[in-house]
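Student: Mind having a look at this structure? Questions to follow.
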Amino acid sequence: KSAVKDTMRDWLDEKLKTPEPDGELLYFNKSNESGKTPVFPDRTFVPYFRKNGERITVANREASAFLFKNGNKGELELSTDTGEFKDGDVVHVVFHYYRDNKPGMDLHKLLTFGAWSGGAVAVLRDLNKNDGAWAEADGIEVAFSATTKQAIIPFTIQSDAFEKYHKETSYFWVKLSAPNLDPAPTDPPFYSQGFWLAG
């Protein structure tokens, strides 16, 4: 709190006040120039893709049993390391094709999601702002209607997915965000927990 009204000039002139040891912790931005008490997320989210009921991890993702082919079924698992998903929570899952700036990620040409009893799943367009594309469906919104520690959402790889994506060399991974939490937790990219589309 002792930093309220400090300026860049104060910093350059080495005139910043010494913080009080037991002073209130605030964060500052353009919308909160007088400081705002931070709210730390009490939950972290972790996604996994699953095949045959098992999680795909960096240790097994290249094993033949965990490679996806046209028409294969799988699941997207959303879990919480701490806390739980609550009724009314909304989570965005952004899909990436190799790199977060690589265009061409289109869920309609990769897979379709099945029904999930714990809430609603909607496919969204242009959640990834880094790939220069805006017309393709590259993510989903998961809206929870019950409190739970885990969501398992079924999907089926499209029967003609190989016509859109490179056979043997297509890797998909995700990022998560929770837009209705304040502040929204920003989880790291989950590159290592993706899956391969392979013939």
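Letters for chains follow the order of the structure tokens (A, B, ...), residue numbers begin at 1 for each chain, and ligand numbers begin at 1 in the order shown.
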Write out as a VMD selection string which residues come within 10 Å of Pro189 of chain A when counting only C-alpha atoms, dropping same-chain ones fewer than 3 positions away.
Tutor: chain A and resid 46 94 96 100 173 to 176 186 192 to 193
Student: So the first atom is atom CA of Gly139 of chain A and the second is atom CA of Thr82 of chain A; what is the distance between them in Å, to one decimal place?
Tutor: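 According to the coordinates, atom CA of Gly139 of chain A and atom CA of Thr82 of chain A are separated by 23.9 Å.
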Student: Could you name the residues that touch Lys51 of chain A at 10 Å or less, counting only C-alpha atoms, but leaving out those on the same chain fewer than 5 positions away, as a PyMOL selection string?
Tutor: chain A and resi 56+65-68+72-76+154+195
Student: Name the residues of segment 62-194 of chain A that come out as helix (DSSP H, G or I) in a backbone DSSP run; write them as number ranges by chain.
Tutor: A: 64-66, 107-109, 161-164
Student: Pull C-alpha atoms from the residues just selected and write them as a PDB file, in the first residue's frame.
Tutor:
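Full text of out.pdb as output:
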```
ATOM      1  CA  SER A  64       0.675 -47.256 -30.659  1.00  0.00           C
ATOM      2  CA  ALA A  65      -2.162 -47.851 -28.184  1.00  0.00           C
ATOM      3  CA  PHE A  66      -2.451 -44.099 -27.587  1.00  0.00           C
ATOM      4  CA  LEU A 107     -12.110 -28.703 -34.487  1.00  0.00           C
ATOM      5  CA  HIS A 108     -14.903 -29.404 -36.971  1.00  0.00           C
ATOM      6  CA  LYS A 109     -12.343 -31.141 -39.192  1.00  0.00           C
ATOM      7  CA  ALA A 161      -9.372 -36.210 -40.317  1.00  0.00           C
ATOM      8  CA  PHE A 162      -6.332 -37.331 -42.324  1.00  0.00           C
ATOM      9  CA  GLU A 163      -7.582 -35.312 -45.280  1.00  0.00           C
ATOM     10  CA  LYS A 164      -7.149 -32.131 -43.246  1.00  0.00           C
TER      11      LYS A 164
END
```
Student: Neighbours of Ala137 of chain A within 8 Å (only C-alpha atoms; same-chain residues fewer than 3 positions away dropped), as a PyMOL selection string?
Tutor: chain A and resi 105-108+123-126
Student: Please produce a file of those selected residues containing N, CA, C and O atoms, as a PDB file, in the first residue's frame.
Tutor:
```pdb
ATOM      1  N   MET A 105      -5.969 -24.845 -37.185  1.00  0.00           N
ATOM      2  CA  MET A 105      -6.642 -25.617 -36.150  1.00  0.00           C
ATOM      3  C   MET A 105      -8.148 -25.447 -36.292  1.00  0.00           C
ATOM      4  O   MET A 105      -8.695 -24.374 -36.052  1.00  0.00           O
ATOM      5  N   ASP A 106      -8.822 -26.504 -36.738  1.00  0.00           N
ATOM      6  CA  ASP A 106     -10.271 -26.454 -36.936  1.00  0.00           C
ATOM      7  C   ASP A 106     -10.878 -27.709 -36.327  1.00  0.00           C
ATOM      8  O   ASP A 106     -10.746 -28.806 -36.872  1.00  0.00           O
ATOM      9  N   LEU A 107     -11.546 -27.554 -35.189  1.00  0.00           N
ATOM     10  CA  LEU A 107     -12.110 -28.703 -34.487  1.00  0.00           C
ATOM     11  C   LEU A 107     -13.129 -29.456 -35.329  1.00  0.00           C
ATOM     12  O   LEU A 107     -13.231 -30.682 -35.225  1.00  0.00           O
ATOM     13  N   HIS A 108     -13.879 -28.735 -36.161  1.00  0.00           N
ATOM     14  CA  HIS A 108     -14.903 -29.404 -36.971  1.00  0.00           C
ATOM     15  C   HIS A 108     -14.285 -30.425 -37.916  1.00  0.00           C
ATOM     16  O   HIS A 108     -14.942 -31.386 -38.323  1.00  0.00           O
ATOM     17  N   VAL A 123     -18.681 -25.492 -28.983  1.00  0.00           N
ATOM     18  CA  VAL A 123     -17.497 -25.234 -29.805  1.00  0.00           C
ATOM     19  C   VAL A 123     -17.495 -23.753 -30.175  1.00  0.00           C
ATOM     20  O   VAL A 123     -18.516 -23.202 -30.612  1.00  0.00           O
ATOM     21  N   LEU A 124     -16.333 -23.103 -29.996  1.00  0.00           N
ATOM     22  CA  LEU A 124     -16.215 -21.664 -30.234  1.00  0.00           C
ATOM     23  C   LEU A 124     -15.174 -21.375 -31.317  1.00  0.00           C
ATOM     24  O   LEU A 124     -14.265 -22.163 -31.555  1.00  0.00           O
ATOM     25  N   ARG A 125     -15.310 -20.231 -31.923  1.00  0.00           N
ATOM     26  CA  ARG A 125     -14.405 -19.799 -32.987  1.00  0.00           C
ATOM     27  C   ARG A 125     -13.452 -18.726 -32.472  1.00  0.00           C
ATOM     28  O   ARG A 125     -13.826 -17.881 -31.668  1.00  0.00           O
ATOM     29  N   ASP A 126     -12.204 -18.810 -32.922  1.00  0.00           N
ATOM     30  CA  ASP A 126     -11.198 -17.771 -32.708  1.00  0.00           C
ATOM     31  C   ASP A 126     -10.899 -17.498 -31.231  1.00  0.00           C
ATOM     32  O   ASP A 126     -10.735 -16.350 -30.827  1.00  0.00           O
TER      33      ASP A 126
END
```
Student: Could you pull out the strand (DSSP E) residues of segment 59-175 of chain A, going by DSSP on the backbone, and write them as a ChimeraX atom specification?
Tutor: /A:73-82,90-97,111-113,119-125,137-144,150-157,170-175
Student: How would the residues just picked look written out with N, CA and C atoms as a compact mmCIF listing (two decimals), in the first residue's frame?
Tutor:
```
# COMPACT_ATOMS: atom_id res chain seq x y z
N LYS A 73 -12.31 -43.22 -30.83
CA LYS A 73 -12.97 -42.51 -29.74
C LYS A 73 -11.97 -42.19 -28.64
N GLY A 74 -12.18 -41.08 -27.98
CA GLY A 74 -11.33 -40.69 -26.87
C GLY A 74 -12.10 -39.80 -25.93
N GLU A 75 -11.39 -39.21 -24.98
CA GLU A 75 -12.03 -38.34 -23.99
C GLU A 75 -11.09 -37.19 -23.64
N LEU A 76 -11.67 -36.06 -23.34
CA LEU A 76 -10.95 -34.93 -22.77
C LEU A 76 -11.29 -34.87 -21.29
N GLU A 77 -10.27 -34.98 -20.45
CA GLU A 77 -10.47 -34.93 -19.01
C GLU A 77 -10.01 -33.57 -18.50
N LEU A 78 -10.86 -32.90 -17.75
CA LEU A 78 -10.49 -31.66 -17.05
C LEU A 78 -10.54 -31.96 -15.56
N SER A 79 -9.40 -31.81 -14.90
CA SER A 79 -9.32 -32.10 -13.47
C SER A 79 -8.80 -30.89 -12.73
N THR A 80 -8.97 -30.89 -11.42
CA THR A 80 -8.43 -29.83 -10.57
C THR A 80 -7.39 -30.42 -9.65
N ASP A 81 -6.22 -29.77 -9.60
CA ASP A 81 -5.18 -30.17 -8.65
C ASP A 81 -5.61 -29.82 -7.24
N THR A 82 -6.25 -28.66 -7.11
CA THR A 82 -6.73 -28.20 -5.81
C THR A 82 -8.14 -27.69 -5.99
N VAL A 90 -17.14 -21.66 -15.70
CA VAL A 90 -16.97 -21.74 -17.15
C VAL A 90 -15.48 -21.84 -17.45
N VAL A 91 -15.09 -22.84 -18.22
CA VAL A 91 -13.70 -23.05 -18.58
C VAL A 91 -13.57 -23.05 -20.10
N HIS A 92 -12.60 -22.34 -20.62
CA HIS A 92 -12.30 -22.36 -22.05
C HIS A 92 -11.10 -23.27 -22.29
N VAL A 93 -11.22 -24.11 -23.28
CA VAL A 93 -10.14 -25.01 -23.68
C VAL A 93 -9.77 -24.65 -25.11
N VAL A 94 -8.56 -24.13 -25.29
CA VAL A 94 -8.10 -23.70 -26.61
C VAL A 94 -7.20 -24.79 -27.19
N PHE A 95 -7.54 -25.26 -28.38
CA PHE A 95 -6.77 -26.32 -29.03
C PHE A 95 -5.71 -25.71 -29.95
N HIS A 96 -4.55 -26.35 -29.96
CA HIS A 96 -3.44 -25.89 -30.79
C HIS A 96 -2.91 -27.04 -31.63
N TYR A 97 -2.51 -26.69 -32.84
CA TYR A 97 -1.97 -27.64 -33.82
C TYR A 97 -0.47 -27.37 -33.91
N LEU A 111 -12.46 -33.44 -34.80
CA LEU A 111 -13.24 -34.32 -33.92
C LEU A 111 -14.60 -33.72 -33.62
N THR A 112 -15.47 -34.53 -33.06
CA THR A 112 -16.77 -34.07 -32.57
C THR A 112 -16.91 -34.50 -31.11
N PHE A 113 -17.51 -33.65 -30.30
CA PHE A 113 -17.71 -33.95 -28.90
C PHE A 113 -19.07 -34.59 -28.67
N GLY A 119 -22.66 -30.87 -17.54
CA GLY A 119 -22.85 -29.50 -18.00
C GLY A 119 -22.96 -29.44 -19.50
N ALA A 120 -22.58 -28.31 -20.08
CA ALA A 120 -22.71 -28.09 -21.52
C ALA A 120 -21.35 -27.82 -22.14
N VAL A 121 -21.20 -28.27 -23.39
CA VAL A 121 -19.98 -28.03 -24.15
C VAL A 121 -20.36 -27.34 -25.45
N ALA A 122 -19.75 -26.20 -25.72
CA ALA A 122 -20.02 -25.45 -26.96
C ALA A 122 -18.70 -25.22 -27.69
N VAL A 123 -18.68 -25.49 -28.98
CA VAL A 123 -17.50 -25.23 -29.81
C VAL A 123 -17.49 -23.75 -30.18
N LEU A 124 -16.33 -23.10 -30.00
CA LEU A 124 -16.21 -21.66 -30.23
C LEU A 124 -15.17 -21.38 -31.32
N ARG A 125 -15.31 -20.23 -31.92
CA ARG A 125 -14.41 -19.80 -32.99
C ARG A 125 -13.45 -18.73 -32.47
N ALA A 137 -13.00 -22.93 -35.93
CA ALA A 137 -13.37 -23.33 -34.57
C ALA A 137 -12.13 -23.93 -33.90
N ASP A 138 -11.61 -23.25 -32.90
CA ASP A 138 -10.35 -23.70 -32.30
C ASP A 138 -10.45 -23.92 -30.79
N GLY A 139 -11.66 -23.93 -30.24
CA GLY A 139 -11.78 -24.13 -28.80
C GLY A 139 -13.19 -24.49 -28.38
N ILE A 140 -13.32 -24.81 -27.11
CA ILE A 140 -14.63 -25.12 -26.56
C ILE A 140 -14.83 -24.36 -25.26
N GLU A 141 -16.09 -24.13 -24.94
CA GLU A 141 -16.48 -23.58 -23.65
C GLU A 141 -17.18 -24.68 -22.88
N VAL A 142 -16.68 -24.96 -21.69
CA VAL A 142 -17.25 -25.99 -20.83
C VAL A 142 -17.94 -25.28 -19.66
N ALA A 143 -19.25 -25.40 -19.59
CA ALA A 143 -20.03 -24.75 -18.53
C ALA A 143 -20.53 -25.82 -17.56
N PHE A 144 -20.10 -25.71 -16.31
CA PHE A 144 -20.43 -26.73 -15.31
C PHE A 144 -21.80 -26.45 -14.69
N GLN A 150 -13.85 -33.32 -11.47
CA GLN A 150 -13.37 -33.83 -12.75
C GLN A 150 -14.50 -33.83 -13.78
N ALA A 151 -14.15 -33.49 -15.00
CA ALA A 151 -15.09 -33.61 -16.12
C ALA A 151 -14.44 -34.51 -17.17
N ILE A 152 -15.18 -35.47 -17.67
CA ILE A 152 -14.68 -36.36 -18.72
C ILE A 152 -15.63 -36.24 -19.91
N ILE A 153 -15.15 -35.60 -20.97
CA ILE A 153 -15.98 -35.26 -22.13
C ILE A 153 -15.58 -36.14 -23.31
N PRO A 154 -16.49 -36.98 -23.81
CA PRO A 154 -16.14 -37.90 -24.90
C PRO A 154 -16.02 -37.18 -26.24
N PHE A 155 -15.18 -37.71 -27.10
CA PHE A 155 -15.08 -37.19 -28.46
C PHE A 155 -14.77 -38.32 -29.43
N THR A 156 -15.01 -38.06 -30.70
CA THR A 156 -14.72 -39.02 -31.77
C THR A 156 -13.93 -38.30 -32.86
N ILE A 157 -12.80 -38.87 -33.26
CA ILE A 157 -12.02 -38.31 -34.35
C ILE A 157 -12.83 -38.44 -35.65
N SER A 170 0.80 -35.04 -36.97
CA SER A 170 -0.11 -34.02 -36.43
C SER A 170 -0.22 -34.18 -34.92
N TYR A 171 0.17 -33.14 -34.20
CA TYR A 171 0.15 -33.15 -32.74
C TYR A 171 -0.76 -32.03 -32.24
N PHE A 172 -1.62 -32.35 -31.27
CA PHE A 172 -2.60 -31.40 -30.75
C PHE A 172 -2.46 -31.30 -29.24
N TRP A 173 -2.54 -30.06 -28.73
CA TRP A 173 -2.43 -29.81 -27.30
C TRP A 173 -3.33 -28.63 -26.96
N VAL A 174 -3.44 -28.32 -25.67
CA VAL A 174 -4.43 -27.32 -25.26
C VAL A 174 -3.87 -26.34 -24.23
N LYS A 175 -4.56 -25.21 -24.14
CA LYS A 175 -4.39 -24.25 -23.04
C LYS A 175 -5.77 -24.07 -22.40
```
Student: Can you measure atom CA of Lys69 of chain A to atom CA of Tyr48 of chain A for me? One decimal in Å is fine.
Tutor: 17.9 Å
Student: Write out as an NGL selection string each polymer residue whose atoms come within 10 Å of Gly35 of chain A, counting only C-alpha atoms; drop sequence neighbours fewer than 2 positions from it.
Tutor: :A and (1 or 3-5 or 25-33 or 37-38)
Student: Point out the residue among A:Ala178, A:Asp87, A:Arg61, A:Glu136 with the least atom-to-atom distance to Thr44 of chain A, counting only C-alpha atoms.
Tutor: A:Ala178
Student: In terms of the shortest atom-to-atom distance over only C-alpha atoms, which of A:Ser177, A:Thr148, A:His166, A:Gly114 is closest to Asn128 of chain A?
Tutor: A:Ser177
Student: Select, from A:Pro103, A:Pro47, A:Asn52, A:Lys129, the residue with the minimum atom-to-atom distance to Lys149 of chain A, counting only C-alpha atoms.
Tutor: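 The closest residue to Lys149 of chain A is A:Pro47.
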Student: Env of Asp160 of chain A: 9 Å cut, atoms = only C-alpha atoms, seq-sep filter 6 positions within chain, self excluded. Answer as an MDAnalysis selection string.
Tutor: chainID A and resid 70:71 109:110
Student: Keeping all heavy atoms for every residue in the selection just given, could you write it to a file as a PDB file, in the first residue's frame?
Tutor:
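So the final result, stored in out.pdb, reads:
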```pdb
ATOM      1  N   ASN A  70      -8.429 -42.093 -37.739  1.00  0.00           N
ATOM      2  CA  ASN A  70      -9.773 -41.710 -38.167  1.00  0.00           C
ATOM      3  C   ASN A  70     -10.818 -42.588 -37.488  1.00  0.00           C
ATOM      4  O   ASN A  70     -10.700 -43.822 -37.467  1.00  0.00           O
ATOM      5  CB  ASN A  70      -9.912 -41.871 -39.682  1.00  0.00           C
ATOM      6  CG  ASN A  70      -9.194 -40.793 -40.459  1.00  0.00           C
ATOM      7  OD1 ASN A  70      -8.673 -39.835 -39.885  1.00  0.00           O
ATOM      8  ND2 ASN A  70      -9.153 -40.923 -41.771  1.00  0.00           N
ATOM      9  N   GLY A  71     -11.836 -41.956 -36.909  1.00  0.00           N
ATOM     10  CA  GLY A  71     -12.940 -42.691 -36.314  1.00  0.00           C
ATOM     11  C   GLY A  71     -12.718 -43.169 -34.894  1.00  0.00           C
ATOM     12  O   GLY A  71     -13.653 -43.670 -34.256  1.00  0.00           O
ATOM     13  N   LYS A 109     -13.013 -30.221 -38.279  1.00  0.00           N
ATOM     14  CA  LYS A 109     -12.343 -31.141 -39.192  1.00  0.00           C
ATOM     15  C   LYS A 109     -11.488 -32.168 -38.453  1.00  0.00           C
ATOM     16  O   LYS A 109     -10.895 -33.041 -39.079  1.00  0.00           O
ATOM     17  CB  LYS A 109     -11.485 -30.352 -40.182  1.00  0.00           C
ATOM     18  CG  LYS A 109     -12.330 -29.471 -41.089  1.00  0.00           C
ATOM     19  CD  LYS A 109     -11.480 -28.660 -42.056  1.00  0.00           C
ATOM     20  CE  LYS A 109     -12.372 -27.787 -42.932  1.00  0.00           C
ATOM     21  NZ  LYS A 109     -11.584 -26.945 -43.865  1.00  0.00           N
ATOM     22  N   LEU A 110     -11.432 -32.050 -37.126  1.00  0.00           N
ATOM     23  CA  LEU A 110     -10.631 -32.983 -36.333  1.00  0.00           C
ATOM     24  C   LEU A 110     -11.492 -33.960 -35.538  1.00  0.00           C
ATOM     25  O   LEU A 110     -11.273 -35.172 -35.601  1.00  0.00           O
ATOM     26  CB  LEU A 110      -9.730 -32.206 -35.371  1.00  0.00           C
ATOM     27  CG  LEU A 110      -8.910 -33.052 -34.396  1.00  0.00           C
ATOM     28  CD1 LEU A 110      -7.912 -33.928 -35.143  1.00  0.00           C
ATOM     29  CD2 LEU A 110      -8.202 -32.166 -33.376  1.00  0.00           C
TER      30      LEU A 110
END
```
Student: Could you name the residues that touch Pro19 of chain A at 9 Å or less, counting only C-alpha atoms, but leaving out those on the same chain fewer than 2 positions away, as a list of chain:residue names?
Tutor: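 Residues near the query, excluding close chain neighbours: A:Lys1, A:Ser2, A:Ala3, A:Leu16, A:Lys17, A:Pro21, A:Asp22, A:Gly23.
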Student: Could you dump the residues just selected with all heavy atoms as a short mmCIF file (atom, residue, chain, number, x, y, z; two decimals), in the first residue's frame?
Tutor:
```
data_model
loop_
_atom_site.label_atom_id
_atom_site.label_comp_id
_atom_site.auth_asym_id
_atom_site.auth_seq_id
_atom_site.Cartn_x
_atom_site.Cartn_y
_atom_site.Cartn_z
N LYS A 1 0.83 -1.20 0.00
CA LYS A 1 0.00 0.00 0.00
C LYS A 1 0.87 1.26 0.00
O LYS A 1 0.46 2.32 -0.45
CB LYS A 1 -0.92 -0.02 1.20
CG LYS A 1 -2.00 1.03 1.18
CD LYS A 1 -3.01 0.81 2.28
CE LYS A 1 -4.14 1.79 2.17
NZ LYS A 1 -5.15 1.59 3.22
N SER A 2 2.08 1.14 0.51
CA SER A 2 2.96 2.30 0.58
C SER A 2 3.38 2.78 -0.80
O SER A 2 3.94 3.87 -0.94
CB SER A 2 4.20 1.96 1.42
OG SER A 2 4.87 0.85 0.87
N ALA A 3 3.15 1.97 -1.85
CA ALA A 3 3.54 2.36 -3.21
C ALA A 3 2.49 3.22 -3.90
O ALA A 3 2.73 3.71 -5.01
CB ALA A 3 3.79 1.10 -4.06
N LEU A 16 11.73 6.10 -3.93
CA LEU A 16 10.60 5.25 -3.56
C LEU A 16 10.56 5.07 -2.04
O LEU A 16 11.59 4.96 -1.38
CB LEU A 16 10.73 3.87 -4.22
CG LEU A 16 10.60 3.84 -5.75
CD1 LEU A 16 10.79 2.42 -6.26
CD2 LEU A 16 9.26 4.39 -6.20
N LYS A 17 9.34 5.03 -1.50
CA LYS A 17 9.18 4.84 -0.06
C LYS A 17 9.56 3.41 0.33
O LYS A 17 9.40 2.49 -0.45
CB LYS A 17 7.73 5.10 0.34
CG LYS A 17 7.19 6.45 -0.08
CD LYS A 17 5.72 6.57 0.33
CE LYS A 17 5.03 7.68 -0.44
NZ LYS A 17 4.81 7.34 -1.85
N PRO A 21 6.60 -3.27 6.67
CA PRO A 21 6.71 -4.74 6.76
C PRO A 21 5.36 -5.44 6.86
O PRO A 21 5.18 -6.53 6.34
CB PRO A 21 7.55 -4.96 8.02
CG PRO A 21 8.28 -3.69 8.22
CD PRO A 21 7.39 -2.59 7.70
N ASP A 22 4.41 -4.81 7.54
CA ASP A 22 3.10 -5.44 7.71
C ASP A 22 2.03 -4.69 6.91
O ASP A 22 0.84 -4.74 7.22
CB ASP A 22 2.71 -5.49 9.19
CG ASP A 22 2.72 -4.11 9.83
OD1 ASP A 22 3.20 -3.15 9.18
OD2 ASP A 22 2.25 -3.99 10.99
N GLY A 23 2.47 -3.97 5.87
CA GLY A 23 1.53 -3.20 5.06
C GLY A 23 0.65 -4.08 4.18
O GLY A 23 0.96 -5.24 3.91
#
```
